[in-house]
Amino acid sequence: MKKTKTQFNSLYSRALKRSFSTSMVMAALATLSACGGSGDSVDDQPTPTTSTFSLSVSDAPVDNASEVVVYFDEVELIGNDSPITFSVEDENGDPRSIDLLSLPGEQFEVIVEDTEIPIGDYNQLRLSVTDESYIVTNEGTYPIRVPSGELKLDGFTAQPNFNAAYTVEFDLRKSLVDPVGQEVIMLKPRGVRLVLNDDVGTLNGTVDSTLVMNEKCAVKSDMFSGNAVYIYEGEQNVLDTLGDDAEVGFDDTELRPFTVVPVTYDESDETFNFTAGFMPQGDYSLAFSCVALFDEPETDEDEEDGFFLQTIDTTTVVAGDTTTVTIE
């Protein structure tokens with residue numbers, strides 16, 4: 001039915017009033033929100049001042065040792081303010097003893113539980129080790145000593161409301177040193193690194209048996225021992241540029257391995273396997289050696305000393321993932 005002009009004006013007036021009322025309500029709500037009337041404004045929330053810190057230990061094994069028992073006393077964070085100290089104790093209140101050889105690959109043991117720490121920069125982490133520490137080798141049992149009784153490692157920045165879960169990774173092939181003429185084994189910071197768990201992945205794989213059984217490997221008496229994978233940072237393509245595990249300065253033209261992991265034989269499926277845990281994300285090159293037993297830590301060995309690398313492969317580690325490689 002057609003509406004008259006009077007009816008149309010009446011309808012328009014009512015609609016205009018409804019529109020105006022709605023606009024007034026929306027404007028009032030916007031004003032209330034801007035003034036923080038609900039009490040939920042972001043500006044009203046306190047600024048975070050703490051982070052959550054935890055620390056674990058893990059290990060890359062070493063040949064010719066059945067136990068590497070380390071007694072941990074305390075952990076100390078050195079920052080801009082007073083140091084923060086965490087006591088590391090067992091259930092009896094004594095220093096915590098851990099056999100590092102029981103924690104290969106991805107395995108770890110927590111020594112500092114989730115604890116709040118102030119945000120900010122911590123330029124050093126110190127891990128106290130007592131003189132009760134010892135190593136059991138084929139030749140006997142020897143005390144382990146740490147210079148100054150502390151492993152001094154790199155620090156980190158504690159971010160607000162962040163779970164800072166770190167692991168101290170012991171590369172025992174690098175860090176254990178047998179001083180000439182001394183009845184002790186030194187545990188040095190060399191080869192011991194602090195990693196953020198969120199930034200690392202795992203690298204594992206197998207080595208083709210033909211590499212292990214190569215005729216050049218017959219210089220050793222046991223074909224199943226002394227095998228290792230040398231892992232170098234970046235993509236390397238020339239085997240001759242890769243060096244053994246030596247201190248920087250012996251031959252700076254050679255690239256030194258980031259870490260060295262032993263290759264073990266699995267009788268159940270007759271495979272030679274390796275695992276490198278807590279590897280920072282990035283590109284790596286892998287070289288195999290069946291004569292890693294001739295590679296002495298801190299000194300530079302070559303073929304004249306019985307040490308050589310046999311092959312090279314490249315791969316990429318992704319944080320939070322496991323990368324599998326076959327070396328052949």
# chains A, B, ... in the order shown; residues from 1 in each chain; ligands from 1
$ closest_atom_pairs --of "segment 118-217 of chain A" --to "segment 307-310 of chain A" --cutoff "12 Å" --atoms "only C-alpha atoms" --output "Markdown table"
| residue | atom | partner | partner_atom | distance |
| --- | --- | --- | --- | --- |
| A:Val207 | CA | A:Gln310 | CA | 11.3 |
| A:Asp208 | CA | A:Gln310 | CA | 11.6 |
| A:Thr210 | CA | A:Gln310 | CA | 11.0 |
| A:Leu211 | CA | A:Gln310 | CA | 7.5 |
| A:Val212 | CA | A:Gln310 | CA | 9.7 |
| A:Met213 | CA | A:Gln310 | CA | 11.7 |
| A:Asn214 | CA | A:Gln310 | CA | 9.5 |
| A:Glu215 | CA | A:Gln310 | CA | 11.8 |
| A:Lys216 | CA | A:Phe308 | CA | 9.6 |
| A:Cys217 | CA | A:Phe308 | CA | 9.8 |
$ write_last_selection --atoms "all heavy atoms" --output "compact mmCIF listing (two decimals), in the first residue's frame"
# COMPACT_ATOMS: atom_id res chain seq x y z
N VAL A 207 76.51 -45.00 9.78
CA VAL A 207 77.71 -44.97 8.96
C VAL A 207 77.79 -46.29 8.22
O VAL A 207 77.65 -47.37 8.83
CB VAL A 207 78.97 -44.77 9.81
CG1 VAL A 207 80.22 -44.85 8.95
CG2 VAL A 207 78.90 -43.43 10.55
N ASP A 208 78.00 -46.24 6.91
CA ASP A 208 78.10 -47.45 6.10
C ASP A 208 79.26 -48.31 6.60
O ASP A 208 80.36 -47.82 6.86
CB ASP A 208 78.31 -47.08 4.64
CG ASP A 208 78.10 -48.27 3.72
OD1 ASP A 208 78.98 -49.14 3.69
OD2 ASP A 208 77.06 -48.32 3.03
N THR A 210 81.17 -50.28 5.13
CA THR A 210 82.36 -50.34 4.28
C THR A 210 83.39 -49.29 4.70
O THR A 210 84.60 -49.49 4.50
CB THR A 210 81.99 -50.13 2.81
OG1 THR A 210 81.33 -48.86 2.65
CG2 THR A 210 81.07 -51.24 2.33
N LEU A 211 82.93 -48.17 5.28
CA LEU A 211 83.86 -47.16 5.77
C LEU A 211 84.58 -47.64 7.03
O LEU A 211 85.77 -47.40 7.21
CB LEU A 211 83.11 -45.86 6.07
CG LEU A 211 82.52 -45.12 4.86
CD1 LEU A 211 81.66 -43.96 5.32
CD2 LEU A 211 83.62 -44.63 3.93
N VAL A 212 83.85 -48.34 7.89
CA VAL A 212 84.44 -48.84 9.12
C VAL A 212 85.43 -49.96 8.83
O VAL A 212 86.47 -50.08 9.49
CB VAL A 212 83.33 -49.34 10.07
CG1 VAL A 212 83.93 -49.90 11.36
CG2 VAL A 212 82.34 -48.21 10.38
N MET A 213 85.13 -50.79 7.83
CA MET A 213 85.95 -51.96 7.51
C MET A 213 86.98 -51.68 6.41
O MET A 213 87.61 -52.61 5.90
CB MET A 213 85.05 -53.11 7.09
CG MET A 213 84.02 -53.51 8.12
SD MET A 213 84.80 -54.02 9.68
CE MET A 213 83.35 -54.30 10.70
N ASN A 214 87.17 -50.42 6.07
CA ASN A 214 88.15 -50.07 5.04
C ASN A 214 89.53 -50.60 5.42
O ASN A 214 89.91 -50.61 6.60
CB ASN A 214 88.18 -48.56 4.87
CG ASN A 214 89.04 -48.12 3.71
OD1 ASN A 214 90.26 -48.13 3.79
ND2 ASN A 214 88.39 -47.71 2.63
N GLU A 215 90.28 -51.03 4.43
CA GLU A 215 91.60 -51.63 4.71
C GLU A 215 92.54 -50.67 5.43
O GLU A 215 93.42 -51.09 6.18
CB GLU A 215 92.24 -52.12 3.41
CG GLU A 215 92.49 -51.03 2.38
CD GLU A 215 93.11 -51.57 1.10
OE1 GLU A 215 93.10 -52.81 0.91
OE2 GLU A 215 93.60 -50.76 0.31
N LYS A 216 92.36 -49.36 5.24
CA LYS A 216 93.20 -48.39 5.93
C LYS A 216 92.95 -48.39 7.43
O LYS A 216 93.79 -47.92 8.21
CB LYS A 216 92.97 -46.99 5.37
CG LYS A 216 93.47 -46.78 3.95
CD LYS A 216 93.24 -45.36 3.49
CE LYS A 216 94.04 -44.36 4.31
NZ LYS A 216 93.87 -42.97 3.82
N CYS A 217 91.80 -48.92 7.83
CA CYS A 217 91.44 -48.93 9.25
C CYS A 217 92.09 -50.09 10.00
O CYS A 217 91.95 -50.20 11.23
CB CYS A 217 89.93 -49.02 9.41
SG CYS A 217 89.01 -47.72 8.54
$ residues_around --residues "Glu301 of chain A" --least-positions-apart "2" --cutoff "12 Å" --atoms "only C-alpha atoms" --output "list of chain:residue names"
A:Leu242, A:Gly243, A:Asp244, A:Asp245, A:Ala246, A:Glu247, A:Phe250, A:Asp251, A:Glu254, A:Arg256, A:Val291, A:Ala292, A:Leu293, A:Phe294, A:Asp295, A:Glu296, A:Pro297, A:Glu298, A:Thr299, A:Glu303, A:Glu304, A:Asp305, A:Gly306, A:Phe307, A:Phe308, A:Leu309
$ residues_around --residues "Thr167 of chain A" --least-positions-apart "6" --cutoff "7 Å" --atoms "only C-alpha atoms" --output "JSON, numbers by chain"
{"A": [55, 56, 57, 58, 194, 195, 196, 197]}
$ closest_residue --among "A:Gly105, A:Phe72, A:Ile117, A:Pro46" --to "Gln159 of chain A" --atoms "only C-alpha atoms"
A:Ile117
$ atom_distance --atom1 "atom CA of Tyr284 of chain A" --atom2 "atom CA of Asn163 of chain A"
27.7 Å
$ residues_around --residues "Gly201 of chain A" --least-positions-apart "3" --cutoff "10 Å" --atoms "only C-alpha atoms" --output "ChimeraX atom specification"
/A:106,197-198,276-282,316-323
